[in-house]
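K.L.:
The structure that follows is given in the form of structure tokens.
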Amino acid sequence: MKLPKFFHLSILVFAVLFTSVNLNAQQVATTFVEKTGYLLYLPEQYRTDTTKRWPLVMFLHGSGESGEDIEKVKMHGPPKMAANGKSFPFILVSPQAAISGGWDIDKLYRLIQEIKKNYRVDASRVYLTGLSMGGFGTFSLAMKYPQEFAAIAPVCGGGDTTNAWKLRNMAVWCFHGADDDVVSPQESIHMVNAAKKYNPNIKFTLYANTNHNSWDTTYNNPAFYDWLLAQKKTGYREIKLDPETQKKYTGTFLGDDGDTIEIKLEQGQLIAYPGRDPVPLKPAGDDLFFIQADRDLDIRFNFKNGVLIDFLIMGDRKILYRKI
């Protein structure tokens, strides 16, 4: 079989309802079937090199390509390039949104899990990009499931800045046209500015004299793919801090949720006590600590004029604890 090639596939996600039978009534197990059309591209060497694990790129199209005609997904971006013979060194998945509008974020997440289950995916190199509606979908999916992605690249999109802090541990390169009159560049600017408070390494390219189509320039640029494929999700890495330095993080703290946490230095190790059970804190950088290397949860301490004032715990939610 000659590769690369496109496949028109459908993913079936089954939710089985487990039921029971009693003396008063009978119930039977029922199956709900969920269907999502997508295009799948496999690299040329995928079938010949059966040991290698490959990066995965999910591409989200714009609103004009929604519906049930899968060929429309080839209109722009990487699926168009692959259809025209471009070779990519990664697995490319390009789902199609329903015509009713917008992306089903949870369905996209389940699709990624299905691809990872059935294909040889390098789980540390999963990437997400999309244009216009797909740019909005890129931000939304990454903020809901931040542990999934090594890098994202939203093109002429935007989103709700409330959860922009969840982009703190992934690489982000955002693109927009300065003259875009369909999706204002302020949509991207707001997201970038909000996320940069927690991730100062975010990249943003604003194309001068460019309207809504900022995707051709982006996806035709080899430097974009070089950057994307260089990103890897590695988790937190512990560094060494001397006991004297660690003392500055100790104290008693009151959270926005009303809970109290005490942080002590015990035998050269910072220990948090959210209750009776001790939780060791591991340093990963200046004022940054974590609990488990593979868990998307960290603690960030804030100082003012050299004095510790508070810290943020960020995981599924964000809680501020002020020193008392």
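Chain labels A, B, ... are given in the sequence in which chains occur in the structure tokens; within each chain residues are numbered consecutively from 1, and ligands are likewise numbered from 1 in the order shown.
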Show me, as a VMD selection string, the residues that have an atom within 9 Å of Thr252 of chain A when counting only C-alpha atoms, minus same-chain residues fewer than 2 positions from it.
P.N.:
chain A and resid 250 254 260 to 264 322 to 324
K.L.:
Restricting the output to N, CA, C and O atoms, write the selected residues as a PDB file, in the first residue's frame.
P.N.:
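Contents of again-v1.pdb, freshly written:
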```pdb
ATOM      1  N   THR A 250       8.197  29.109  53.868  1.00  0.00           N
ATOM      2  CA  THR A 250       7.426  28.552  54.981  1.00  0.00           C
ATOM      3  C   THR A 250       6.445  29.572  55.548  1.00  0.00           C
ATOM      4  O   THR A 250       6.597  30.783  55.364  1.00  0.00           O
ATOM      5  N   LEU A 254      -3.874  31.313  54.217  1.00  0.00           N
ATOM      6  CA  LEU A 254      -5.327  31.199  54.155  1.00  0.00           C
ATOM      7  C   LEU A 254      -5.790  31.305  52.715  1.00  0.00           C
ATOM      8  O   LEU A 254      -5.461  32.271  52.015  1.00  0.00           O
ATOM      9  N   THR A 260      -6.950  26.442  55.242  1.00  0.00           N
ATOM     10  CA  THR A 260      -5.637  26.882  55.700  1.00  0.00           C
ATOM     11  C   THR A 260      -4.587  25.817  55.384  1.00  0.00           C
ATOM     12  O   THR A 260      -4.843  24.618  55.547  1.00  0.00           O
ATOM     13  N   ILE A 261      -3.439  26.262  54.885  1.00  0.00           N
ATOM     14  CA  ILE A 261      -2.314  25.373  54.611  1.00  0.00           C
ATOM     15  C   ILE A 261      -1.088  25.897  55.362  1.00  0.00           C
ATOM     16  O   ILE A 261      -0.782  27.090  55.309  1.00  0.00           O
ATOM     17  N   GLU A 262      -0.419  24.989  56.044  1.00  0.00           N
ATOM     18  CA  GLU A 262       0.831  25.341  56.704  1.00  0.00           C
ATOM     19  C   GLU A 262       1.982  24.686  55.944  1.00  0.00           C
ATOM     20  O   GLU A 262       1.901  23.509  55.563  1.00  0.00           O
ATOM     21  N   ILE A 263       3.033  25.446  55.675  1.00  0.00           N
ATOM     22  CA  ILE A 263       4.206  24.931  54.981  1.00  0.00           C
ATOM     23  C   ILE A 263       5.399  25.003  55.920  1.00  0.00           C
ATOM     24  O   ILE A 263       5.719  26.059  56.461  1.00  0.00           O
ATOM     25  N   LYS A 264       6.035  23.846  56.116  1.00  0.00           N
ATOM     26  CA  LYS A 264       7.163  23.748  57.030  1.00  0.00           C
ATOM     27  C   LYS A 264       8.386  23.201  56.303  1.00  0.00           C
ATOM     28  O   LYS A 264       8.269  22.547  55.255  1.00  0.00           O
ATOM     29  N   ARG A 322      -3.097  33.393  50.821  1.00  0.00           N
ATOM     30  CA  ARG A 322      -2.366  34.544  51.342  1.00  0.00           C
ATOM     31  C   ARG A 322      -1.709  34.221  52.676  1.00  0.00           C
ATOM     32  O   ARG A 322      -2.322  33.543  53.524  1.00  0.00           O
ATOM     33  N   LYS A 323      -0.487  34.685  52.852  1.00  0.00           N
ATOM     34  CA  LYS A 323       0.227  34.415  54.098  1.00  0.00           C
ATOM     35  C   LYS A 323      -0.419  35.206  55.239  1.00  0.00           C
ATOM     36  O   LYS A 323      -0.761  36.374  55.112  1.00  0.00           O
ATOM     37  N   ILE A 324      -0.593  34.517  56.396  1.00  0.00           N
ATOM     38  CA  ILE A 324      -1.223  35.156  57.553  1.00  0.00           C
ATOM     39  C   ILE A 324      -0.269  35.098  58.762  1.00  0.00           C
ATOM     40  O   ILE A 324       0.740  34.405  58.729  1.00  0.00           O
TER      41      ILE A 324
END
```
K.L.:
Can you pull out every residue from segment 48-248 of chain A that DSSP, working from the backbone, puts in strand (DSSP E or B), and format the result as a PyMOL selection string?
P.N.:
chain A and resi 54-60+91-95+121-131+151-155+171-177+203-207
K.L.:
Could you jot down the atom CA of Lys247 of chain A to atom CA of Arg276 of chain A separation for me, Å, one decimal place?
P.N.:
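Interatomic distance here is 20.7 Å.
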K.L.:
Taking into account only C-alpha atoms, which residue in the set A:Tyr219, A:Gln267, A:Asp286, A:Gly64 is nearest to Thr245 of chain A?
P.N.:
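Residue with the minimum atom-to-atom distance to Thr245 of chain A: A:Asp286.
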K.L.:
Which residues are near Gln147 of chain A? Cut-off 10 Å, only C-alpha atoms, ignore same chain within fewer than 4 positions. Put them as a list of chain:residue names.
P.N.:
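So the residues in contact are A:Ser124, A:Ala142, A:Met143, A:Lys166, A:Leu167, A:Asn169, A:Met170, A:Lys233, A:Gly235, A:Asp294, A:Arg295, A:Asp296, A:Leu297, A:Gly315.
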K.L.:
So which one's closest to Ser66 of chain A, A:Phe301, A:Phe253, A:Tyr119, A:Tyr38? Using only C-alpha atoms, please.
P.N.:
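Closest to Ser66 of chain A, using only C-alpha atoms: A:Tyr38.
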K.L.:
Using only C-alpha atoms, which residues sit within 10 Å of Asn199 of chain A once same-chain residues fewer than 4 positions away are excluded, as a PyMOL selection string?
P.N.:
chain A and resi 164-172+192-195+203
K.L.:
Could you take the residues named above and write them with N, CA and C atoms, as a PDB file, in the first residue's frame?
P.N.:
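Once written, selection_14.pdb looks like this:
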```
ATOM      1  N   ALA A 164      -7.067  31.080  30.849  1.00  0.00           N
ATOM      2  CA  ALA A 164      -5.813  31.181  30.095  1.00  0.00           C
ATOM      3  C   ALA A 164      -4.628  30.700  30.918  1.00  0.00           C
ATOM      4  N   TRP A 165      -4.730  30.717  32.243  1.00  0.00           N
ATOM      5  CA  TRP A 165      -3.646  30.234  33.112  1.00  0.00           C
ATOM      6  C   TRP A 165      -3.368  28.750  32.902  1.00  0.00           C
ATOM      7  N   LYS A 166      -4.323  28.022  32.343  1.00  0.00           N
ATOM      8  CA  LYS A 166      -4.118  26.594  32.112  1.00  0.00           C
ATOM      9  C   LYS A 166      -3.167  26.319  30.942  1.00  0.00           C
ATOM     10  N   LEU A 167      -2.775  27.370  30.229  1.00  0.00           N
ATOM     11  CA  LEU A 167      -1.804  27.221  29.139  1.00  0.00           C
ATOM     12  C   LEU A 167      -0.371  27.377  29.640  1.00  0.00           C
ATOM     13  N   ARG A 168      -0.182  27.405  30.942  1.00  0.00           N
ATOM     14  CA  ARG A 168       1.114  27.777  31.516  1.00  0.00           C
ATOM     15  C   ARG A 168       2.223  26.758  31.258  1.00  0.00           C
ATOM     16  N   ASN A 169       1.868  25.491  31.033  1.00  0.00           N
ATOM     17  CA  ASN A 169       2.891  24.452  30.914  1.00  0.00           C
ATOM     18  C   ASN A 169       3.020  23.880  29.508  1.00  0.00           C
ATOM     19  N   MET A 170       2.564  24.609  28.515  1.00  0.00           N
ATOM     20  CA  MET A 170       2.715  24.138  27.136  1.00  0.00           C
ATOM     21  C   MET A 170       3.271  25.259  26.263  1.00  0.00           C
ATOM     22  N   ALA A 171       3.854  24.876  25.142  1.00  0.00           N
ATOM     23  CA  ALA A 171       4.343  25.861  24.180  1.00  0.00           C
ATOM     24  C   ALA A 171       3.157  26.394  23.380  1.00  0.00           C
ATOM     25  N   VAL A 172       3.124  27.713  23.161  1.00  0.00           N
ATOM     26  CA  VAL A 172       2.019  28.349  22.437  1.00  0.00           C
ATOM     27  C   VAL A 172       2.597  29.328  21.416  1.00  0.00           C
ATOM     28  N   VAL A 192      -3.401  36.048  24.424  1.00  0.00           N
ATOM     29  CA  VAL A 192      -1.944  36.027  24.613  1.00  0.00           C
ATOM     30  C   VAL A 192      -1.548  36.784  25.871  1.00  0.00           C
ATOM     31  N   ASN A 193      -2.111  37.966  26.053  1.00  0.00           N
ATOM     32  CA  ASN A 193      -1.770  38.772  27.236  1.00  0.00           C
ATOM     33  C   ASN A 193      -2.182  38.076  28.532  1.00  0.00           C
ATOM     34  N   ALA A 194      -3.352  37.440  28.517  1.00  0.00           N
ATOM     35  CA  ALA A 194      -3.820  36.736  29.723  1.00  0.00           C
ATOM     36  C   ALA A 194      -2.939  35.538  30.035  1.00  0.00           C
ATOM     37  N   ALA A 195      -2.550  34.791  29.006  1.00  0.00           N
ATOM     38  CA  ALA A 195      -1.735  33.593  29.220  1.00  0.00           C
ATOM     39  C   ALA A 195      -0.299  33.935  29.593  1.00  0.00           C
ATOM     40  N   LYS A 203       4.577  32.783  22.119  1.00  0.00           N
ATOM     41  CA  LYS A 203       4.929  33.517  20.900  1.00  0.00           C
ATOM     42  C   LYS A 203       3.653  34.039  20.234  1.00  0.00           C
TER      43      LYS A 203
END
```
K.L.:
Mind checking which residues fall within 7 Å of Gln246 of chain A, counting only C-alpha atoms, ignoring those fewer than 4 positions away in the same chain, and posting them as an MDAnalysis selection string?
P.N.:
chainID A and resid 241:242 270
K.L.:
So which bits of segment 9-216 of chain A end up helix (DSSP H, G or I) when you DSSP the backbone, as number ranges by chain?
P.N.:
A: 63-65, 70-75, 77-83, 105-118, 133-144, 146-148, 161-167, 185-196, 215-216
